[in-house]
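S.K.: Sharing run39.cif below, mmCIF, C-alpha atoms:
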data_work
loop_
_atom_site.label_atom_id
_atom_site.label_comp_id
_atom_site.auth_asym_id
_atom_site.auth_seq_id
_atom_site.Cartn_x
_atom_site.Cartn_y
_atom_site.Cartn_z
CA MET A 1 94.20 108.51 157.50
CA GLY A 2 97.54 109.40 159.07
CA ALA A 3 98.11 111.06 162.39
CA GLY A 4 96.98 114.63 162.81
CA SER A 5 94.96 116.94 164.96
CA GLN A 6 91.66 115.49 166.10
CA LEU A 7 89.75 118.76 165.81
CA THR A 8 86.78 117.97 163.56
CA VAL A 9 86.00 120.60 160.93
CA PRO A 10 82.55 121.31 159.40
CA GLY A 11 81.65 118.94 156.57
CA GLY A 12 83.93 116.09 157.71
CA GLY A 13 87.66 115.60 158.01
CA LYS A 14 90.00 116.65 160.77
CA ALA A 15 91.96 119.87 160.88
CA GLY A 16 95.58 119.07 160.15
CA GLY A 17 94.67 115.60 158.92
CA VAL A 18 96.68 113.51 156.48
CA TYR A 19 94.79 111.80 153.66
CA THR A 20 95.20 109.41 150.77
CA TRP A 21 93.88 110.00 147.26
CA GLU A 22 91.35 107.23 147.86
CA GLU A 23 89.94 109.13 150.84
CA VAL A 24 89.79 112.41 148.90
CA GLN A 25 87.98 110.75 145.99
CA GLN A 26 85.21 109.60 148.32
CA HIS A 27 84.16 113.24 148.80
CA SER A 28 82.81 114.06 145.35
CA SER A 29 79.05 114.38 145.83
CA ARG A 30 77.04 117.60 145.74
CA THR A 31 76.73 117.63 149.52
CA ASP A 32 80.30 116.55 150.33
CA GLN A 33 83.15 118.03 148.29
CA TRP A 34 86.89 117.96 148.87
CA LEU A 35 89.65 118.82 146.43
CA VAL A 36 93.45 119.05 146.39
CA ILE A 37 95.62 122.04 145.43
CA ASP A 38 99.40 121.67 145.68
CA ARG A 39 98.99 118.61 147.93
CA LYS A 40 96.79 120.55 150.37
CA VAL A 41 93.32 119.11 151.00
CA TYR A 42 90.38 121.53 151.16
CA ASN A 43 86.76 121.00 152.13
CA ILE A 44 84.79 123.21 149.73
CA THR A 45 81.32 121.85 150.53
CA GLN A 46 79.97 125.13 151.95
CA TRP A 47 82.28 127.50 150.06
CA ALA A 48 81.15 126.18 146.65
CA LYS A 49 77.87 128.07 146.99
CA ARG A 50 79.78 131.36 147.35
CA HIS A 51 82.44 130.65 144.75
CA PRO A 52 82.65 133.70 142.40
CA GLY A 53 82.94 131.45 139.35
CA GLY A 54 79.85 129.46 140.32
CA LEU A 55 79.32 126.33 142.38
CA ARG A 56 79.35 123.97 139.40
CA VAL A 57 82.77 124.84 138.01
CA ILE A 58 84.48 124.20 141.35
CA GLY A 59 82.23 121.21 142.00
CA HIS A 60 83.49 119.55 138.82
CA TYR A 61 86.81 119.06 140.61
CA ALA A 62 85.37 117.54 143.78
CA GLY A 63 87.38 114.50 144.77
CA GLU A 64 90.18 115.44 142.35
CA ASP A 65 93.47 117.27 142.06
CA ALA A 66 92.53 120.86 141.09
CA THR A 67 96.07 122.27 141.11
CA GLU A 68 96.31 122.90 137.37
CA ALA A 69 92.79 124.30 137.07
CA PHE A 70 93.40 126.58 140.05
CA ALA A 71 96.54 127.99 138.43
CA ALA A 72 94.78 128.45 135.10
CA PHE A 73 91.76 130.37 136.41
CA HIS A 74 93.29 132.60 139.08
CA PRO A 75 95.66 135.36 137.90
CA ASP A 76 96.48 136.29 141.52
CA PRO A 77 96.83 133.07 143.58
CA THR A 78 98.11 135.01 146.58
CA PHE A 79 94.85 136.95 146.83
CA VAL A 80 92.81 133.74 146.62
CA GLN A 81 94.79 132.11 149.42
CA LYS A 82 92.88 134.11 152.03
CA PHE A 83 89.71 132.33 150.91
CA LEU A 84 91.39 128.92 150.85
CA LYS A 85 92.95 129.10 154.31
CA PRO A 86 89.69 128.53 156.30
CA LEU A 87 88.86 125.57 154.03
CA LEU A 88 92.14 123.73 154.64
CA ILE A 89 91.63 120.42 156.44
CA GLY A 90 94.98 118.73 155.87
CA GLU A 91 97.33 117.42 153.22
CA LEU A 92 98.18 114.30 151.28
CA GLU A 93 100.20 111.57 152.92
CA ALA A 94 103.92 111.81 152.14
CA SER A 95 103.75 108.47 150.32
CA GLU A 96 101.00 109.71 147.97
CA PRO A 97 101.94 111.11 144.54
CA SER A 98 101.23 114.77 143.86
CA GLN A 99 98.96 113.81 140.95
CA ASP A 100 95.86 111.66 141.12
CA ARG A 101 94.75 108.80 138.86
CA ASN A 102 98.16 107.89 137.42
CA LYS A 103 98.63 111.17 135.53
CA ASN A 104 101.99 111.79 133.88
CA ALA A 105 103.99 113.62 136.55
CA ALA A 106 106.79 114.61 134.14
CA LEU A 107 104.34 116.16 131.66
CA ILE A 108 102.59 118.09 134.41
CA GLN A 109 105.90 119.34 135.78
CA ASP A 110 107.11 120.45 132.34
CA PHE A 111 103.83 122.22 131.63
CA HIS A 112 104.10 123.98 134.97
CA ALA A 113 107.61 125.10 134.00
CA LEU A 114 106.33 126.32 130.61
CA ARG A 115 103.64 128.38 132.32
CA ALA A 116 106.14 129.83 134.80
CA GLN A 117 108.50 130.79 131.97
CA ALA A 118 105.68 132.41 130.00
CA LYS A 119 104.75 134.43 133.06
CA SER A 120 108.39 135.40 133.61
CA ASP A 121 108.60 136.53 129.98
CA GLY A 122 105.64 138.87 130.45
CA LEU A 123 103.20 136.91 128.30
CA PHE A 124 100.46 137.38 130.90
CA GLN A 125 100.83 141.17 130.71
CA ALA A 126 98.17 142.93 128.63
CA ARG A 127 98.80 145.81 126.22
CA PRO A 128 96.11 148.41 127.08
CA LEU A 129 96.36 150.06 123.64
CA PHE A 130 95.35 146.80 121.93
CA PHE A 131 92.09 146.59 123.86
CA CYS A 132 91.39 150.34 123.61
CA LEU A 133 91.72 150.18 119.83
CA HIS A 134 89.51 147.12 119.70
CA LEU A 135 86.80 148.88 121.71
CA GLY A 136 87.24 151.97 119.54
CA HIS A 137 86.62 150.10 116.31
CA ILE A 138 83.42 148.59 117.78
CA VAL A 139 82.11 152.05 118.70
CA LEU A 140 83.04 153.37 115.23
CA LEU A 141 81.17 150.51 113.54
CA GLU A 142 78.03 151.17 115.58
CA ALA A 143 78.23 154.91 114.85
CA LEU A 144 78.78 154.25 111.13
CA ALA A 145 75.73 151.98 110.95
CA TRP A 146 73.45 154.63 112.48
CA LEU A 147 74.90 157.51 110.46
CA MET A 148 74.35 155.59 107.21
CA ILE A 149 70.64 155.24 107.94
CA TRP A 150 70.34 158.82 109.15
CA TYR A 151 72.07 160.20 106.02
CA TRP A 152 70.94 157.86 103.21
CA GLY A 153 67.59 156.70 104.54
CA THR A 154 66.04 153.31 105.22
CA ASN A 155 66.08 151.71 101.77
CA TRP A 156 66.78 147.98 101.52
CA ILE A 157 70.40 148.21 100.42
CA VAL A 158 71.39 150.61 103.19
CA THR A 159 69.43 148.58 105.74
CA LEU A 160 71.16 145.35 104.75
CA LEU A 161 74.55 147.03 104.92
CA CYS A 162 73.64 148.53 108.29
CA GLY A 163 72.68 145.05 109.55
CA VAL A 164 76.00 143.59 108.44
CA ILE A 165 77.95 146.38 110.14
CA LEU A 166 75.95 146.04 113.36
CA ALA A 167 76.44 142.26 113.32
CA THR A 168 80.18 142.82 112.89
CA ALA A 169 80.20 145.21 115.85
CA GLN A 170 78.23 142.72 117.96
CA SER A 171 80.56 139.85 117.09
CA GLN A 172 83.65 141.89 117.87
CA ALA A 173 82.07 143.03 121.14
CA GLY A 174 81.54 139.34 121.90
CA TRP A 175 85.24 138.66 121.53
CA LEU A 176 86.09 141.72 123.64
CA GLN A 177 83.77 140.80 126.51
CA HIS A 178 85.39 137.37 126.39
CA ASP A 179 88.76 138.99 127.15
CA PHE A 180 87.50 140.82 130.22
CA GLY A 181 85.42 137.85 131.36
CA HIS A 182 88.63 135.81 131.53
CA LEU A 183 90.36 138.50 133.62
CA SER A 184 93.06 138.87 130.98
CA VAL A 185 93.20 142.67 130.65
CA PHE A 186 93.54 144.40 134.04
CA LYS A 187 95.71 143.19 136.91
CA GLU A 188 92.84 143.71 139.37
CA SER A 189 89.92 141.36 138.87
CA ARG A 190 87.32 143.93 139.93
CA TRP A 191 88.16 146.16 136.97
CA ASN A 192 87.90 143.22 134.59
CA HIS A 193 84.50 142.36 136.07
CA LEU A 194 83.25 145.94 135.78
CA VAL A 195 84.27 146.39 132.14
CA HIS A 196 82.98 142.91 131.36
CA LYS A 197 79.54 143.87 132.64
CA PHE A 198 79.63 147.06 130.56
CA ILE A 199 80.59 145.34 127.32
CA ILE A 200 78.41 142.25 127.52
CA GLY A 201 75.54 144.14 129.14
CA HIS A 202 75.50 147.61 127.58
CA LEU A 203 77.04 146.76 124.21
CA LYS A 204 75.42 143.33 123.73
CA GLY A 205 72.39 143.12 126.01
CA ALA A 206 73.46 139.89 127.75
CA SER A 207 74.29 138.81 131.31
CA ALA A 208 77.87 138.65 132.59
CA ASN A 209 76.94 136.28 135.40
CA TRP A 210 75.14 133.94 133.02
CA TRP A 211 78.21 133.92 130.76
CA ASN A 212 80.59 133.29 133.67
CA HIS A 213 78.46 130.45 135.02
CA ARG A 214 78.47 128.58 131.70
CA HIS A 215 81.78 129.52 130.14
CA PHE A 216 84.02 128.71 133.10
CA GLN A 217 82.51 125.22 133.22
CA HIS A 218 83.35 124.82 129.55
CA HIS A 219 86.98 125.69 130.23
CA ALA A 220 87.21 123.53 133.33
CA LYS A 221 85.94 120.38 131.61
CA PRO A 222 85.78 120.96 127.83
CA ASN A 223 83.73 118.53 125.73
CA ILE A 224 82.91 116.40 128.78
CA PHE A 225 79.31 115.24 129.10
CA ARG A 226 77.32 116.60 132.04
CA LYS A 227 80.12 119.03 132.90
CA ASP A 228 80.59 121.20 129.80
CA PRO A 229 77.33 123.12 129.14
CA ASP A 230 78.32 123.54 125.48
CA VAL A 231 77.83 119.82 124.85
CA ASN A 232 75.29 119.11 127.59
CA MET A 233 72.30 118.84 125.25
CA LEU A 234 71.16 115.28 125.83
CA SER A 235 67.46 116.16 125.73
CA ILE A 236 67.72 118.17 122.48
CA PHE A 237 70.70 117.21 120.31
CA VAL A 238 73.37 114.50 120.25
CA LEU A 239 77.02 115.36 119.66
CA GLY A 240 80.23 113.40 119.27
CA ALA A 241 80.70 109.66 118.78
CA THR A 242 79.62 108.50 122.26
CA GLN A 243 76.51 110.48 123.14
CA PRO A 244 74.36 109.36 120.16
CA VAL A 245 74.52 105.70 121.09
CA GLU A 246 73.55 106.17 124.75
CA PRO A 247 69.91 105.60 125.92
CA ALA A 248 68.84 133.60 132.52
CA PHE A 249 69.56 136.06 132.96
CA LEU A 250 70.33 137.05 136.58
CA LEU A 251 68.62 140.04 138.16
CA LYS A 252 71.91 141.69 139.16
CA ASP A 253 72.73 142.13 135.43
CA LEU A 254 69.26 143.33 134.42
CA ALA A 255 70.14 147.04 134.48
CA TRP A 256 73.09 146.55 132.15
CA CYS A 257 70.97 144.51 129.73
CA VAL A 258 68.11 147.01 129.77
CA SER A 259 70.55 149.83 129.01
CA TYR A 260 71.49 148.11 125.75
CA TYR A 261 67.89 147.80 124.53
CA PHE A 262 67.04 151.32 125.68
CA ARG A 263 69.96 152.71 123.69
CA TYR A 264 69.17 150.62 120.61
CA PHE A 265 65.48 151.47 120.44
CA PHE A 266 66.13 155.13 121.28
CA LEU A 267 68.38 155.35 118.22
CA TYR A 268 66.45 153.23 115.74
CA ILE A 269 62.72 153.66 116.48
CA PRO A 270 62.80 157.25 115.08
CA LEU A 271 64.27 155.81 111.88
CA TYR A 272 62.41 152.49 111.48
CA GLY A 273 59.53 152.55 113.92
CA LEU A 274 59.04 149.84 116.54
CA PHE A 275 58.35 146.95 114.17
CA GLY A 276 61.19 147.87 111.81
CA SER A 277 63.64 148.22 114.70
CA ILE A 278 62.73 144.78 116.01
CA ALA A 279 63.10 143.32 112.51
CA LEU A 280 66.54 144.92 112.09
CA LEU A 281 67.68 143.66 115.49
CA SER A 282 66.48 140.15 114.63
CA PHE A 283 68.46 140.25 111.40
CA VAL A 284 71.57 141.40 113.26
CA ARG A 285 71.17 138.60 115.84
CA PHE A 286 70.72 136.08 113.02
CA LEU A 287 74.00 137.09 111.38
CA GLU A 288 75.89 137.39 114.66
CA SER A 289 74.73 134.00 115.97
CA HIS A 290 75.99 132.25 112.85
CA TRP A 291 79.32 134.06 113.12
CA PHE A 292 79.65 133.06 116.76
CA VAL A 293 78.65 129.42 116.37
CA TRP A 294 80.84 128.66 113.36
CA VAL A 295 83.90 130.30 114.92
CA THR A 296 83.56 128.72 118.35
CA GLN A 297 82.58 125.24 117.19
CA MET A 298 85.26 124.79 114.52
CA ASN A 299 87.72 124.37 117.42
CA HIS A 300 85.62 122.00 119.54
CA LEU A 301 82.83 120.11 117.79
CA PRO A 302 85.07 117.92 115.58
CA MET A 303 87.23 117.02 118.59
CA ASP A 304 86.84 114.32 121.23
CA ILE A 305 83.49 114.56 123.08
CA ASP A 306 83.15 111.95 125.79
CA HIS A 307 82.67 111.22 129.48
CA GLU A 308 85.11 112.25 132.19
CA LYS A 309 88.49 110.57 131.74
CA HIS A 310 90.38 112.41 134.52
CA ARG A 311 93.25 113.48 132.30
CA ASP A 312 95.90 116.05 133.15
CA TRP A 313 95.20 119.68 132.17
CA LEU A 314 97.27 119.76 128.97
CA THR A 315 96.03 116.43 127.62
CA MET A 316 92.39 117.20 128.46
CA GLN A 317 92.50 120.58 126.71
CA LEU A 318 94.39 119.30 123.63
CA GLN A 319 91.91 116.46 123.08
CA ALA A 320 89.01 118.92 123.14
CA THR A 321 90.50 121.78 121.10
CA CYS A 322 92.37 122.53 117.89
CA ASN A 323 93.85 125.62 116.27
CA ILE A 324 93.13 127.49 113.03
CA GLU A 325 95.99 128.94 111.00
CA GLN A 326 97.13 132.44 111.93
CA SER A 327 96.56 135.42 109.67
CA PHE A 328 95.48 138.99 110.31
CA PHE A 329 91.97 138.19 109.09
CA ASN A 330 91.69 134.93 111.07
CA ASP A 331 92.89 136.68 114.25
CA TRP A 332 90.35 139.49 113.82
CA PHE A 333 87.46 137.35 112.58
CA SER A 334 87.76 134.86 115.46
CA GLY A 335 88.90 137.20 118.21
CA HIS A 336 92.17 135.22 118.31
CA LEU A 337 90.20 132.07 119.15
CA ASN A 338 91.98 130.51 116.20
CA PHE A 339 94.55 129.93 118.98
CA GLN A 340 92.00 127.90 120.91
CA ILE A 341 94.62 125.51 122.31
CA GLU A 342 96.66 128.28 123.91
CA HIS A 343 93.51 130.02 125.11
CA HIS A 344 92.30 126.88 126.88
CA LEU A 345 95.68 126.17 128.42
CA PHE A 346 96.13 129.77 129.60
CA PRO A 347 92.65 131.36 129.86
CA THR A 348 93.95 134.47 131.67
CA MET A 349 96.65 135.20 129.07
CA PRO A 350 95.93 138.27 126.87
CA ARG A 351 95.05 137.03 123.40
CA HIS A 352 97.63 139.16 121.61
CA ASN A 353 100.31 136.90 123.16
CA TYR A 354 98.91 133.53 122.07
CA HIS A 355 101.11 133.40 118.97
CA LEU A 356 104.19 133.86 121.16
CA VAL A 357 103.48 130.94 123.46
CA ALA A 358 102.13 128.64 120.73
CA PRO A 359 105.54 127.31 119.53
CA ARG A 360 106.44 126.38 123.11
CA VAL A 361 103.16 124.53 123.59
CA ARG A 362 103.59 122.69 120.30
CA ALA A 363 107.13 121.61 121.26
CA LEU A 364 105.92 120.30 124.62
CA CYS A 365 103.13 118.35 122.91
CA GLU A 366 105.61 116.79 120.49
CA THR A 367 107.84 115.74 123.40
CA TYR A 368 105.02 113.81 125.07
CA GLY A 369 103.17 112.64 121.97
CA VAL A 370 100.07 114.76 122.59
CA PRO A 371 98.35 115.58 119.26
CA TYR A 372 98.45 119.30 118.41
CA GLN A 373 96.01 119.95 115.57
CA MET A 374 96.24 122.94 113.22
CA LYS A 375 93.75 123.52 110.38
CA THR A 376 92.76 126.08 107.79
CA MET A 377 89.58 127.97 108.60
CA TRP A 378 87.82 126.31 105.68
CA GLN A 379 88.82 122.88 106.99
CA GLY A 380 87.54 123.87 110.43
CA PHE A 381 84.15 124.81 108.97
CA THR A 382 83.83 121.65 106.87
CA ASP A 383 84.81 119.50 109.87
CA ILE A 384 81.79 120.89 111.74
CA VAL A 385 79.49 119.60 109.01
CA TRP A 386 81.16 116.20 108.86
CA SER A 387 81.09 115.92 112.65
CA LEU A 388 77.37 116.63 112.78
CA LYS A 389 76.76 114.14 109.96
CA ASN A 390 78.76 111.48 111.78
CA SER A 391 76.83 112.07 115.02
CA GLY A 392 73.54 111.88 113.11
CA ASP A 393 74.54 108.64 111.42
CA LEU A 394 75.55 107.08 114.74
CA TRP A 395 72.29 108.15 116.35
CA LEU A 396 70.26 106.77 113.44
CA ASP A 397 72.13 103.48 113.57
CA ALA A 398 71.58 103.20 117.34
CA TYR A 399 67.88 104.10 116.91
CA LEU A 400 67.28 101.55 114.14
CA HIS A 401 69.06 98.74 115.99
CA LYS A 402 67.99 99.42 119.57
#
I need this file expressed as structure tokens, please.
M.R.:
Amino acid sequence: MGAGSQLTVPGGGKAGGVYTWEEVQQHSSRTDQWLVIDRKVYNITQWAKRHPGGLRVIGHYAGEDATEAFAAFHPDPTFVQKFLKPLLIGELEASEPSQDRNKNAALIQDFHALRAQAKSDGLFQARPLFFCLHLGHIVLLEALAWLMIWYWGTNWIVTLLCGVILATAQSQAGWLQHDFGHLSVFKESRWNHLVHKFIIGHLKGASANWWNHRHFQHHAKPNIFRKDPDVNMLSIFVLGATQPVEPAFLLKDLAWCVSYYFRYFFLYIPLYGLFGSIALLSFVRFLESHWFVWVTQMNHLPMDIDHEKHRDWLTMQLQATCNIEQSFFNDWFSGHLNFQIEHHLFPTMPRHNYHLVAPRVRALCETYGVPYQMKTMWQGFTDIVWSLKNSGDLWLDAYLHK
């Protein structure tokens, strides 16, 4: 460690200290966590427990350079600086590179420039009308479903049609809560959080905090074992080509969740009775869950699923994601997650701007030889099946020859 102030700070390190990457990387345990942002070294050991995005998502970058992740997740870095300042313990030695683990400095710099240009061009500015219309069509679908039953009765045909419409409303509400959860609509985070709780809680009956805790980890380390909850299923399933061959809700969201079920049963028990209302809701959840899983996994499951490789932000995201061709239907059906690459690179960007930044991302990938995959939706769905088959075959082979 280079010369610096000798004032010891809580959790280790010296205020105003100068450190090497090797020293930073030694602080990557649950009880001792440092990270680097723009060459500044921060001790986040105690702060991690109070981190709004959850202690795990920030902990995944312990001992690493978190500059790119920090820029991706925080729409207002200036506001966040007031939380970082007390955690600052020093900086990297002048002789140390700005990137850790031999990452491509030129690629990182060019991606940073791409992001800055996109921001300058207003691609991080949301169009309120887009999201208002999206919410409006969800409310109209829910109203239509109830009015059909009220007017035509509870026969099987009307009930099935009602279930499909409600499942459509639920799926579209899922995409909308995703927008607010990523802070991509309002400039002030608190308004995004409030509307997020309303949509995921009151319109869907789920927990915003539970979603944040899991989904931010997925974005921070996509398709990485023990860090991405979406593939962290070692005790239940095996996914990818590596894993097979290796030996809540929170109370603060309870009121929002209860309000959804109160509203649903208030509307449908008079029409179907208690048992019929539960059966209808189960049917809706069945349809919605399939919609959700097929859409979200066509971009991830067929991609690289492996252990931590400490890649730069662009390379890590591109190896874990792919895109589905654009069309009006694909955009609507997937909530614009057919642009999964752009969404993962710029999680706070409003989704209606993904198609504008996509050509720039593709050009950058071509420059540095990073694969940029684009598929039809049908190919995305079939790749899920083939990926699961491949994982099953690998597991069976490992089991039979262990």
S.K.: So what does the PyMOL selection byres ((chain A and resi 374) around 7) actually pick up in this one, as number ranges by chain?
M.R.: A: 322-325, 372-373, 375
S.K.: Quick one: distance from CA of Asp32 in chain A to CA of Lys227 in chain A in Å, one decimal?
M.R.: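 Taking CA of Asp32 in chain A as the start and CA of Lys227 in chain A as the end point, the length is 17.6 Å.
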S.K.: Would you kindly translate the PyMOL selection byres ((chain A and resi 91) around 7) into the concrete residues it picks from this file, as a PyMOL selection string?
M.R.: chain A and resi 17-19+39-41+90+92-93
S.K.: Residues of the last selection are to be written out with C-alpha atoms, as a PDB file, in the frame of the given file.
M.R.:
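The file below, selection.pdb, is the result:
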ATOM      1  CA  GLY A  17      94.670 115.600 158.920  1.00  0.00           C
ATOM      2  CA  VAL A  18      96.680 113.510 156.480  1.00  0.00           C
ATOM      3  CA  TYR A  19      94.790 111.800 153.660  1.00  0.00           C
ATOM      4  CA  ARG A  39      98.990 118.610 147.930  1.00  0.00           C
ATOM      5  CA  LYS A  40      96.790 120.550 150.370  1.00  0.00           C
ATOM      6  CA  VAL A  41      93.320 119.110 151.000  1.00  0.00           C
ATOM      7  CA  GLY A  90      94.980 118.730 155.870  1.00  0.00           C
ATOM      8  CA  LEU A  92      98.180 114.300 151.280  1.00  0.00           C
ATOM      9  CA  GLU A  93     100.200 111.570 152.920  1.00  0.00           C
TER      10      GLU A  93
END
S.K.: Counting all atoms listed in the file, which residues in range 241-352 of chain A sit no more than 8 Å from range 56-75 of chain A? For each one, give the nearest pair of atoms and the distance in Å, sorted by chain then residue number, as CSV.
M.R.:
residue,atom,partner,partner_atom,distance
A:Trp313,CA,A:Glu68,CA,6.2
A:Leu345,CA,A:Ala72,CA,7.1
A:Phe346,CA,A:Ala72,CA,5.8
A:Pro347,CA,A:Ala72,CA,6.4
A:Thr348,CA,A:Pro75,CA,6.5
S.K.: Hey, could you make a per-residue contact list for range 269-345 of chain A against range 205-222 of chain A with 9 Å as the cut-off, showing the nearest pair of atoms and its distance in Å to one decimal, counting only C-alpha atoms, sorted by chain and number, as a Markdown table?
M.R.:
| residue | atom | partner | partner_atom | distance |
| --- | --- | --- | --- | --- |
| A:His300 | CA | A:Pro222 | CA | 8.4 |
| A:Ile305 | CA | A:Pro222 | CA | 8.3 |
| A:Glu308 | CA | A:Lys221 | CA | 8.2 |
| A:Trp313 | CA | A:Ala220 | CA | 8.9 |
| A:Met316 | CA | A:Pro222 | CA | 7.6 |
| A:Gln317 | CA | A:Pro222 | CA | 6.8 |
| A:Gln319 | CA | A:Pro222 | CA | 9.0 |
| A:Ala320 | CA | A:Pro222 | CA | 6.0 |
| A:Thr321 | CA | A:Pro222 | CA | 8.3 |
| A:His344 | CA | A:His219 | CA | 6.4 |
| A:Leu345 | CA | A:His219 | CA | 8.9 |
S.K.: My list of candidates is A:Gln25, A:Phe186, A:Ile341, A:Leu394. Which is closest to Arg360 in chain A when distances are computed with only C-alpha atoms?
M.R.: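 The closest residue to Arg360 in chain A is A:Ile341.
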S.K.: Provide range 300-313 of chain A rebuilt to N, CA, C and O atoms, formatted as a PDB file, in the coordinates of the input.
M.R.:
ATOM      1  N   HIS A 300      86.046 122.954 118.521  1.00  0.00           N
ATOM      2  CA  HIS A 300      85.620 122.000 119.540  1.00  0.00           C
ATOM      3  C   HIS A 300      84.779 120.838 119.008  1.00  0.00           C
ATOM      4  O   HIS A 300      85.012 119.689 119.378  1.00  0.00           O
ATOM      5  N   LEU A 301      83.793 121.134 118.178  1.00  0.00           N
ATOM      6  CA  LEU A 301      82.830 120.110 117.790  1.00  0.00           C
ATOM      7  C   LEU A 301      83.462 118.909 117.102  1.00  0.00           C
ATOM      8  O   LEU A 301      83.063 117.769 117.359  1.00  0.00           O
ATOM      9  N   PRO A 302      84.459 119.100 116.223  1.00  0.00           N
ATOM     10  CA  PRO A 302      85.070 117.920 115.580  1.00  0.00           C
ATOM     11  C   PRO A 302      86.019 117.146 116.494  1.00  0.00           C
ATOM     12  O   PRO A 302      86.547 116.105 116.093  1.00  0.00           O
ATOM     13  N   MET A 303      86.262 117.647 117.691  1.00  0.00           N
ATOM     14  CA  MET A 303      87.230 117.020 118.590  1.00  0.00           C
ATOM     15  C   MET A 303      86.553 115.959 119.459  1.00  0.00           C
ATOM     16  O   MET A 303      85.362 115.678 119.325  1.00  0.00           O
ATOM     17  N   ASP A 304      87.326 115.390 120.376  1.00  0.00           N
ATOM     18  CA  ASP A 304      86.840 114.320 121.230  1.00  0.00           C
ATOM     19  C   ASP A 304      85.766 114.839 122.192  1.00  0.00           C
ATOM     20  O   ASP A 304      85.998 115.795 122.940  1.00  0.00           O
ATOM     21  N   ILE A 305      84.588 114.230 122.164  1.00  0.00           N
ATOM     22  CA  ILE A 305      83.490 114.560 123.080  1.00  0.00           C
ATOM     23  C   ILE A 305      83.109 113.277 123.795  1.00  0.00           C
ATOM     24  O   ILE A 305      82.617 112.332 123.175  1.00  0.00           O
ATOM     25  N   ASP A 306      83.324 113.220 125.094  1.00  0.00           N
ATOM     26  CA  ASP A 306      83.150 111.950 125.790  1.00  0.00           C
ATOM     27  C   ASP A 306      82.900 112.200 127.275  1.00  0.00           C
ATOM     28  O   ASP A 306      82.800 113.345 127.726  1.00  0.00           O
ATOM     29  N   HIS A 307      82.849 111.122 128.030  1.00  0.00           N
ATOM     30  CA  HIS A 307      82.670 111.220 129.480  1.00  0.00           C
ATOM     31  C   HIS A 307      83.999 111.591 130.148  1.00  0.00           C
ATOM     32  O   HIS A 307      85.046 111.595 129.514  1.00  0.00           O
ATOM     33  N   GLU A 308      83.924 111.874 131.414  1.00  0.00           N
ATOM     34  CA  GLU A 308      85.110 112.250 132.190  1.00  0.00           C
ATOM     35  C   GLU A 308      86.155 111.143 132.158  1.00  0.00           C
ATOM     36  O   GLU A 308      85.868 109.983 132.441  1.00  0.00           O
ATOM     37  N   LYS A 309      87.386 111.522 131.785  1.00  0.00           N
ATOM     38  CA  LYS A 309      88.490 110.570 131.740  1.00  0.00           C
ATOM     39  C   LYS A 309      89.586 110.905 132.755  1.00  0.00           C
ATOM     40  O   LYS A 309      90.572 110.183 132.848  1.00  0.00           O
ATOM     41  N   HIS A 310      89.423 112.013 133.476  1.00  0.00           N
ATOM     42  CA  HIS A 310      90.380 112.410 134.520  1.00  0.00           C
ATOM     43  C   HIS A 310      91.794 112.534 133.981  1.00  0.00           C
ATOM     44  O   HIS A 310      92.741 111.990 134.542  1.00  0.00           O
ATOM     45  N   ARG A 311      91.932 113.263 132.885  1.00  0.00           N
ATOM     46  CA  ARG A 311      93.250 113.480 132.300  1.00  0.00           C
ATOM     47  C   ARG A 311      93.905 114.709 132.927  1.00  0.00           C
ATOM     48  O   ARG A 311      93.256 115.534 133.554  1.00  0.00           O
ATOM     49  N   ASP A 312      95.208 114.847 132.699  1.00  0.00           N
ATOM     50  CA  ASP A 312      95.900 116.050 133.150  1.00  0.00           C
ATOM     51  C   ASP A 312      95.423 117.242 132.324  1.00  0.00           C
ATOM     52  O   ASP A 312      94.796 117.089 131.267  1.00  0.00           O
ATOM     53  N   TRP A 313      95.718 118.456 132.785  1.00  0.00           N
ATOM     54  CA  TRP A 313      95.200 119.680 132.170  1.00  0.00           C
ATOM     55  C   TRP A 313      95.572 119.798 130.696  1.00  0.00           C
ATOM     56  O   TRP A 313      94.716 120.053 129.855  1.00  0.00           O
TER      57      TRP A 313
END
